[in-house]
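Contents: one structure, followed by commentary.
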Amino acid sequence: MIERVDVLVCGGGPTGLLTGLGLARQGISVAVIEKCQKSEQAKFGRASLLYPRTMELLDQVDVWEHMAEIAHISRGYVNYNGGKRLISGTYHSIFNQLQGTYFDYVVNIRQKYSEEIFRKALEENGGSFYEQYELLSIVQDDDAADDYALTVRVKNNATGEEHQVKCKYLVGADGKKSAVRQLSEIAFVGDDTGIKWFRMDAVVKTDMPDARVGMASIESPIYGHVLWMCQDHGRTRIGFSLPPKLADRFGTDITEAQVREAAREAVAPFSLEFETVDWWTLYSVGQRVAETFRRKRVFLAGDACHSHSSGAGQGMNAGAQDALNLSWKLGGFLKGWYDESVLDTYEEERRPEAQRIIDQDKTLSALITGKIPEGVGRPGATSFEVLGDFIASTMRYTLGLDVHYETNLLNQKANIGLVSAGWPGPDVLLRRPGSRISLRLHQVTKNVGRFHVLVFTGNPALTGESLRSLRSYMDGEDSFTHKLPDIFNFLTIIPGDAPQSDHYLGIGRFGKAFYDSDMSAACKYGFSAALGGVVVLRPDGILGYSGELGEGKELGEYFLRFVKASVESPQEPIAKKVAEIESKPTGEVEFDGETTETKPVANGVNGVHADTQTSIPIREGPTETSVAA
Ligand SMILES: Cc1cc2nc3c(=O)[nH]c(=O)nc-3n(C[C@H](O)[C@H](O)[C@H](O)COP(=O)(O)OP(=O)(O)OC[C@H]3O[C@@H](n4cnc5c(N)ncnc54)[C@H](O)[C@@H]3O)c2cc1C
């Protein structure tokens, strides 16, 4: 067992593993401890349904591709009442509202499989995972001689041995009953609803039509809204509520045979036979949020700081958002890049989102159970109709596509363009120089803790002056890139398909050049050929800033608000780790049966790529085109 680590993450569930992965990808020393022997877990269920925004985030930390191999990918939904197909219905709106992402589907993959992939990625990136180690206590020494101010006592649950681990920061991702939250005396505010839900994962046979289309629901007169989701490995998740009037029938020592019987009744009039039942649960729905997500050097993430029903399948999705919001901020802070105020933005951004999920869950969980809360719905509508309306009205949020953050230190008001600061930067198609094959922006803006600066050049015949002004600012002594550490990945996005970017632009490009043949990428971000524009995407893909093309100083001011100027750049071994990830080949999107191979290119300082060094000089001066930023 390690004795000292920069960040100790307590909890090897999805949130803890993704927090660890996010940190490890930045080269931060991180260890995740998990009290159970997860790799030997016999029965497993829990999180299954994942949404597009989560997939985008997972894609940017290079785990999505592995999950897609296993997950059941759903692009369709059917809904039944009394054995008859209803054209629209409760979850129908999923597939009506899936615009604005290349992940235009939802998936079901059981948590165990997601965790396996996250664990492997964590370890491959240099993070450590300790199974069967349980956190027992935390001591914080505010006067510690070094920065390792936390001492955590852990117990090996296999041998009974106890150890001490010293760390700079502790992340409590240890679930609903979080020991870290309790030991840090952080209140978990909220209620238990009294609602109980069944969930089971099984291999089934049924005469329900289109049973493997992906998502389905059955409107049951006894069990309310019955959920039916196709999962990995040919499994089906069936979920339904326990009506209070049936509670006595099941009693407290409920058996699997009773659950099978209830499931048969719930999906009636369709037949249901079980080949195997992997897992089932009857769980109580609570809705709680931690009063704070941070106490000094302790952060909370995932279920440890918010808990609600699984009606909208939000728990793991929200945990992934927490993990990938916190990890780049904490990683950058530990490298000495940011003011501590950046760490405050984690709670500022994520706590209101947790509260929003809980507020929605109050109505949703009641409706799924068959109750219409006071003041909700239209007169005369059934609970199923009201549920359908409610789900439709909140669906963009559920899909993660409406999750956004307020203006703060990191999300500056965008003056130009169509995407507001605090919203995810849309994924768009680009081409590499010379390539007729498109690739997604997100494939070249991976999350390694660096900011992506997108320079939309517009048509240089019209934007020449602004381009020269930006180039001259960047090359000048006052450029922020000379003062600040190595946190920028510049991309120059050029309309059309010119044979050579620097000549076409009349200046040296910024970082790597990409072509936006039909200007669809620029249009999506709201930039014209006549003006162009600049966008900053945070490491988690959220738009932090957008401004005019020629305004290099203003761009610099965005960073100077929170990035510390004094750090040497690049830092070893962190820069090495990041460069290693960034230089991995990127699979380009295939169109018309065409494929292409991409060559890895080593990254240098401030996003200057090896190939940039050889670009054609177009004007006199020492900085020339080799200075990407
Ligand atoms: C029936 C059901 C269905 C669900 N379906 C979905 C869904 O479809 N989609 C979705 O997004 N979410 C779903 N959820 C919610 C989802 O499972 C959780 O939100 C998710 O597991 C949260 O992940 P986490 O890592 O924050 O916490 P957890 O998964 O609870 O992981 C916490 C980990 O910490 C460990 N731990 C606890 N205490 C200690 C300690 N002292 N020391 C060391 N380790 C410790 C635990 O063993 C555990 O492995 C569902 C939940 C349930 C119950």
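Scheme for the structure tokens: letters A, B, ... for chains in order shown; per-chain residue numbers from 1; ligand numbers from 1 in order shown.
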Using only C-alpha atoms and all ligand atoms, determine which residues fall within 8 Å of ligand 1, then list them as a short mmCIF file (atom, residue, chain, number, x, y, z; two decimals) with C-alpha atoms, in the first residue's frame.
```
data_model
loop_
_atom_site.label_atom_id
_atom_site.label_comp_id
_atom_site.auth_asym_id
_atom_site.auth_seq_id
_atom_site.Cartn_x
_atom_site.Cartn_y
_atom_site.Cartn_z
CA CYS A 10 -12.08 6.98 -1.74
CA GLY A 11 -14.48 4.76 -3.68
CA GLY A 12 -13.89 2.62 -6.75
CA GLY A 13 -17.32 3.16 -8.29
CA PRO A 14 -17.71 5.02 -11.58
CA THR A 15 -17.22 8.49 -10.08
CA GLY A 16 -14.07 7.61 -8.15
CA LEU A 17 -12.50 5.75 -11.06
CA ILE A 33 -9.19 2.81 -2.79
CA GLU A 34 -12.21 0.54 -2.82
CA LYS A 35 -13.47 -1.39 0.18
CA CYS A 36 -15.04 -4.27 -1.78
CA LYS A 38 -15.16 -5.49 -7.12
CA GLY A 45 -26.68 -4.25 -11.57
CA ARG A 46 -27.20 -0.56 -10.72
CA ALA A 47 -26.30 2.03 -13.38
CA SER A 48 -27.10 0.98 -16.89
CA LEU A 49 -28.51 3.82 -18.99
CA LEU A 50 -26.00 6.39 -20.23
CA ASN A 108 -27.25 0.43 -21.63
CA GLN A 111 -21.99 -0.59 -14.12
CA GLN A 132 -10.44 -4.16 -0.45
CA TYR A 133 -9.04 -1.09 1.26
CA GLU A 134 -11.57 0.76 3.37
CA LEU A 135 -11.20 4.33 4.57
CA LEU A 136 -11.60 4.53 8.35
CA VAL A 154 -7.28 2.65 5.76
CA ALA A 173 -16.58 9.25 -4.17
CA ASP A 174 -17.75 6.59 -1.76
CA GLY A 175 -21.44 6.54 -2.53
CA LYS A 176 -24.66 7.42 -0.80
CA LYS A 177 -23.49 6.43 2.69
CA SER A 178 -20.16 8.19 2.18
CA ALA A 179 -17.75 7.78 5.09
CA VAL A 180 -15.78 10.78 3.80
CA TRP A 197 -38.84 0.37 -6.83
CA PHE A 198 -37.94 -3.04 -8.21
CA ARG A 199 -35.10 -3.40 -10.67
CA MET A 200 -33.88 -6.67 -12.21
CA THR A 281 -33.19 -5.19 -5.99
CA LEU A 282 -36.03 -3.48 -4.22
CA TYR A 283 -34.74 -0.11 -3.16
CA ALA A 301 -18.36 13.70 -5.92
CA GLY A 302 -21.08 11.43 -7.30
CA ASP A 303 -23.59 9.71 -5.02
CA ALA A 304 -21.56 10.87 -2.02
CA SER A 307 -28.75 10.95 -4.43
CA SER A 309 -34.23 7.88 -7.90
CA SER A 310 -33.01 6.03 -10.97
CA GLY A 311 -36.18 7.09 -12.83
CA ALA A 312 -34.30 9.31 -15.26
CA GLY A 313 -31.12 7.22 -14.97
CA GLN A 314 -29.12 10.23 -13.86
CA GLY A 315 -26.85 9.01 -11.03
CA MET A 316 -23.83 7.69 -12.86
CA ASN A 317 -24.27 10.25 -15.63
CA ALA A 318 -24.10 13.03 -13.04
CA GLY A 319 -21.18 11.31 -11.27
#
```
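Omitting stretch 210-214 of chain A and its sequence neighbours fewer than 2 positions away, and counting only C-alpha atoms, the residues within 9 Å are His72, Ile73, Ser74, Arg75, Gly76, Tyr77, Val78, Val106, Val107, Asn108, Thr206, Asp207, Met208, Ala216, Trp228, Met229, Cys230, Gln231, Gly234 and Thr236 of chain A.
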Test item, helix (DSSP H, G or I) assignment across stretch 284-316 of chain A, answer as a ChimeraX atom specification: /A:302-304,315-316
May I have the residues from that selection written out with N, CA and C atoms, as a tab-separated table (two decimals), in the first residue's frame?
```tsv
chain	number	residue	atom	x	y	z
A	302	GLY	N	-20.18	12.55	-7.02
A	302	GLY	CA	-21.08	11.43	-7.30
A	302	GLY	C	-22.14	11.26	-6.23
A	303	ASP	N	-22.53	10.00	-5.99
A	303	ASP	CA	-23.59	9.71	-5.02
A	303	ASP	C	-23.23	10.20	-3.61
A	304	ALA	N	-21.96	10.38	-3.35
A	304	ALA	CA	-21.56	10.87	-2.02
A	304	ALA	C	-22.14	12.25	-1.75
A	315	GLY	N	-27.91	9.08	-12.04
A	315	GLY	CA	-26.85	9.01	-11.03
A	315	GLY	C	-25.45	8.90	-11.57
A	316	MET	N	-25.19	7.87	-12.35
A	316	MET	CA	-23.83	7.69	-12.86
A	316	MET	C	-23.50	8.77	-13.89
```
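Of the listed residues A:Gly458, A:Pro52, A:Gly127, A:Gly541, the one whose atoms come nearest to A:Thr445 is A:Gly541, with distances taken using only C-alpha atoms.
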Show which residues sit within 9 Å of A:Ala268, as a compact mmCIF listing (two decimals) with C-alpha atoms, in the first residue's frame. Count only C-alpha atoms, and ignore same-chain residues fewer than 6 positions away.
```txt
# COMPACT_ATOMS: atom_id res chain seq x y z
CA GLY A 82 -53.24 -2.98 -22.65
CA GLY A 83 -51.06 -4.90 -25.11
CA ILE A 218 -45.50 -0.82 -20.47
CA SER A 220 -49.41 -1.25 -16.10
```
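Atom pair atom CA of A:Tyr169 / atom CA of A:Pro424 has a distance of 27.6 Å (rounded to one decimal).
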Distance criterion (only C-alpha atoms): nearest to A:Lys205 out of A:Ser271, A:Gln182, A:Thr363, A:Thr19: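 That would be A:Ser271, the residue with the smallest distance to A:Lys205.
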Proximity to A:Asn489 - best of A:Thr463, A:Thr252, A:Ser393, A:Asn447, only C-alpha atoms: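 Distance minimum relative to A:Asn489 lands on A:Asn447.
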Secondary structure check, strand (DSSP E) residues of stretch 27-135 of chain A, as a PyMOL selection string: chain A and resi 30-34+49-50+72-74+76-81+84-86+106-108+128-131+133-135
Atom CA of A:Leu505 to atom CA of A:Ser466, straight-line distance in Å: 11.0 Å
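Non-sequential neighbours of A:Ala202 (distance at most 9 Å, separation of 5 or more positions within a chain, only C-alpha atoms) are A:Gly234, A:Arg235, A:Thr236, A:Arg237, A:Ile238, A:Phe274, A:Glu275, A:Thr276, A:Val277, A:Asp278, A:Trp279, A:Trp280.
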Who sits within 7 Å of A:Phe188, only C-alpha atoms, same chain under 6 positions skipped, as a PDB file with C-alpha atoms, in the first residue's frame:
```
ATOM      1  CA  ARG A 288     -30.603  14.304  -0.876  1.00  0.00           C
ATOM      2  CA  VAL A 289     -27.822  16.745  -1.656  1.00  0.00           C
ATOM      3  CA  ALA A 290     -24.725  17.523   0.422  1.00  0.00           C
ATOM      4  CA  GLU A 291     -24.723  20.987   1.976  1.00  0.00           C
TER       5      GLU A 291
END
```
Two-atom distance - atom CA of A:Ile581, atom CA of A:Ile507 (Å): 28.9 Å
Who sits within 9 Å of stretch 514-518 of chain A, only C-alpha atoms, same chain under 2 positions skipped, as a PyMOL selection string: chain A and resi 429-435+491-498+501+512+520-522
Spatial neighbours of A:Val563, 8 Å, only C-alpha atoms, chain gap at least 6 places, as JSON, numbers by chain: {"A": [337, 338, 339, 484]}
